[in-house]
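Enquirer: Dumping the structure here so I can ask a few things about it.
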Amino acid sequence: MIRGQAFQIMIRNVSSVVLSMVLLLSVCVPPGVAEARDQSKPLGNTKEIEELDHAAAILYRDVMDGNIEKARADVAEVSRWFGTGQVQAALSVEAIHALSGSILEVQQATQSVQASPDEWVKAAANLRLATDALAHPRQPLWQQYYKILKEDVSGLNNQLAKGNMKGFKAGAAVLEDHYETIRTAALIHGRTSEVVRADSWISYVKGLGDQQNADASAIRGALDQGNPTFNALFGREKDATALAPFIPRESERRAELAIGMIVLLALVYAGYRKYRAGFSG
């Protein structure tokens, strides 16, 4: 019964699992992909920035593996590279503040005896996406959250249509959680004004959901601004999918198959992790 419930939870969170796989694979990218990825780096990218990104990738992998002792040492390595002049010079004041906060959040999560594995992963993912945005500004991983956030908005609309305010409130919390994961990366990417706009919109929607007698028309009007808000944040003028800029129209069928394989691999990987944990226990 417990395994069945765990499997259902894994299915419901498949988007997060797939993105976790993407982040893990970024630690050991195949040579051909790595070369294409290197082309996205600006000419002025420095060794310090590359080392910072690499350290954050290793930290994320160790957190996902549950190796918290190793992760604590990884945080120190990330902090060391973050403190270099070349990294600081590449960041705006807002980005420096946000990235330092992300590093502190990981440090606190890995040192706290009360922190849950979910908190470790969330903090490490936030940092991983942030350093990647600095190292790969033309093709950052955080852009893959576009579709997830759009689906969150769609879910809120569905809950409102059903009159399920409890579900709406829970959905707003999930949306905020996903947004917070990419917020630092968006600031590093130079989306400061768009981040301020998204902050205000999410705060307003959450406030409406917390009201006991919220006006449905007011909520509906607020939700209508969700897609334009995220379109602006991700630099998309039209309501396109996250894969649209990267997949030629004639390759859509093959892309669907590839996505299906990614999902399958993610599920197999997650199942193996749970099996290994249960076997070792």
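Ordering of the structure tokens sets the chain letters (A, B, ...); residue numbers start at 1 within each chain; ligands are numbered from 1 in the order shown.
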Using backbone DSSP assignments, extract all alpha helix (DSSP H) residues from range 33-177 of chain A; output them as a ChimeraX atom specification.
Expert: /A:33-38,47-64,68-82,85-89,93-111,117-135,146-162,165-177
Enquirer: Write out as a PyMOL selection string each polymer residue whose atoms come within 7 Å of Thr184 in chain A, counting only C-alpha atoms; drop sequence neighbours fewer than 3 positions from it.
Expert: chain A and resi 95+98-99+130+187-188
Enquirer: Output N, CA, C and O atoms for every residue in the selection just made, as a JSON list (two decimals), in the first residue's frame.
Expert:
[["chain", "number", "residue", "atom", "x", "y", "z"],
["A", 95, "ALA", "N", 21.45, 40.59, -8.34],
["A", 95, "ALA", "CA", 21.85, 39.21, -8.57],
["A", 95, "ALA", "C", 22.83, 38.73, -7.49],
["A", 95, "ALA", "O", 22.76, 37.58, -7.04],
["A", 98, "ALA", "N", 20.76, 38.02, -4.43],
["A", 98, "ALA", "CA", 19.95, 36.81, -4.60],
["A", 98, "ALA", "C", 20.81, 35.55, -4.56],
["A", 98, "ALA", "O", 20.45, 34.55, -3.93],
["A", 99, "LEU", "N", 21.96, 35.57, -5.24],
["A", 99, "LEU", "CA", 22.81, 34.38, -5.29],
["A", 99, "LEU", "C", 23.43, 34.10, -3.93],
["A", 99, "LEU", "O", 23.53, 32.93, -3.52],
["A", 130, "ALA", "N", 20.71, 28.88, -10.76],
["A", 130, "ALA", "CA", 21.26, 30.23, -10.71],
["A", 130, "ALA", "C", 22.66, 30.29, -11.32],
["A", 130, "ALA", "O", 22.96, 31.16, -12.15],
["A", 187, "LEU", "N", 16.89, 36.56, -12.04],
["A", 187, "LEU", "CA", 17.57, 37.82, -11.70],
["A", 187, "LEU", "C", 18.97, 37.85, -12.31],
["A", 187, "LEU", "O", 19.40, 38.88, -12.84],
["A", 188, "ILE", "N", 19.67, 36.74, -12.26],
["A", 188, "ILE", "CA", 21.00, 36.67, -12.85],
["A", 188, "ILE", "C", 20.91, 36.87, -14.36],
["A", 188, "ILE", "O", 21.81, 37.45, -14.99]]
Enquirer: Which is closest to Ala56 in chain A among A:Leu129, A:Glu119, A:Phe234, A:Arg191, if we use only C-alpha atoms?
Expert: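 Of A:Leu129, A:Glu119, A:Phe234, A:Arg191, the one nearest Ala56 in chain A, counting only C-alpha atoms, is A:Leu129.
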Enquirer: Would you work out the distance separating CA of Leu134 in chain A from CA of Leu52 in chain A, expressed in Å to one decimal?
Expert: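 We find that CA of Leu134 in chain A and CA of Leu52 in chain A lie 9.3 Å from each other.
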Enquirer: Quick check, in Å to one decimal: how far apart do CA of Gly66 in chain A and CA of Gln111 in chain A lie?
Expert: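 Answer for the CA of Gly66 in chain A to CA of Gln111 in chain A separation: 13.2 Å.
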Enquirer: Find the residue from A:Gly171, A:Gly207, A:Gly190, A:Gly101 that sits nearest to Ala123 in chain A; use only C-alpha atoms when measuring.
Expert: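 The answer is A:Gly101, which sits nearest to Ala123 in chain A.
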Enquirer: Nearest to Glu194 in chain A among A:Pro228, A:Pro117, A:Gly155, A:Gly85, with distances taken over only C-alpha atoms: which residue is it?
Expert: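 Comparing A:Pro228, A:Pro117, A:Gly155, A:Gly85 against Glu194 in chain A, the winner is A:Pro228.
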Enquirer: Could you please determine the separation between CA of Arg197 in chain A and CA of Val121 in chain A in Å, to one decimal place?
Expert: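 Result for CA of Arg197 in chain A versus CA of Val121 in chain A: 26.3 Å, one decimal.
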Enquirer: Within 8 Å of Ile103 in chain A, counting only C-alpha atoms, which residues show up once you throw out same-chain ones fewer than 2 positions away? Write them as a VMD selection string, please.
Expert: chain A and resid 75 78 to 79 99 to 101 105 to 107 127
Enquirer: Choose the residue, out of A:Lys122, A:Arg138, A:Arg72, A:Lys166, that has the smallest atom-to-atom separation from Thr110 in chain A; count only C-alpha atoms.
Expert: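 Ranked by minimum distance to Thr110 in chain A, first place goes to A:Arg72.
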Enquirer: Name all residues at most 8 Å from His189 in chain A (count only C-alpha atoms; drop same-chain ones fewer than 4 positions away) and give them as a PyMOL selection string.
Expert: chain A and resi 133-134+137+185
Enquirer: List the neighbours of Leu160 in chain A out to 12 Å using only C-alpha atoms; skip same-chain residues closer than 3 positions along the sequence, and give me the result as a ChimeraX atom specification.
Expert: /A:153-157,163-172,205,208-209,214-223
Enquirer: Which residue gives the smallest distance to Tyr179 in chain A among A:Ala161, A:Ala90, A:Ala57, A:Leu149, with only C-alpha atoms counted?
Expert: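 Closest residue, counting only C-alpha atoms: A:Leu149.
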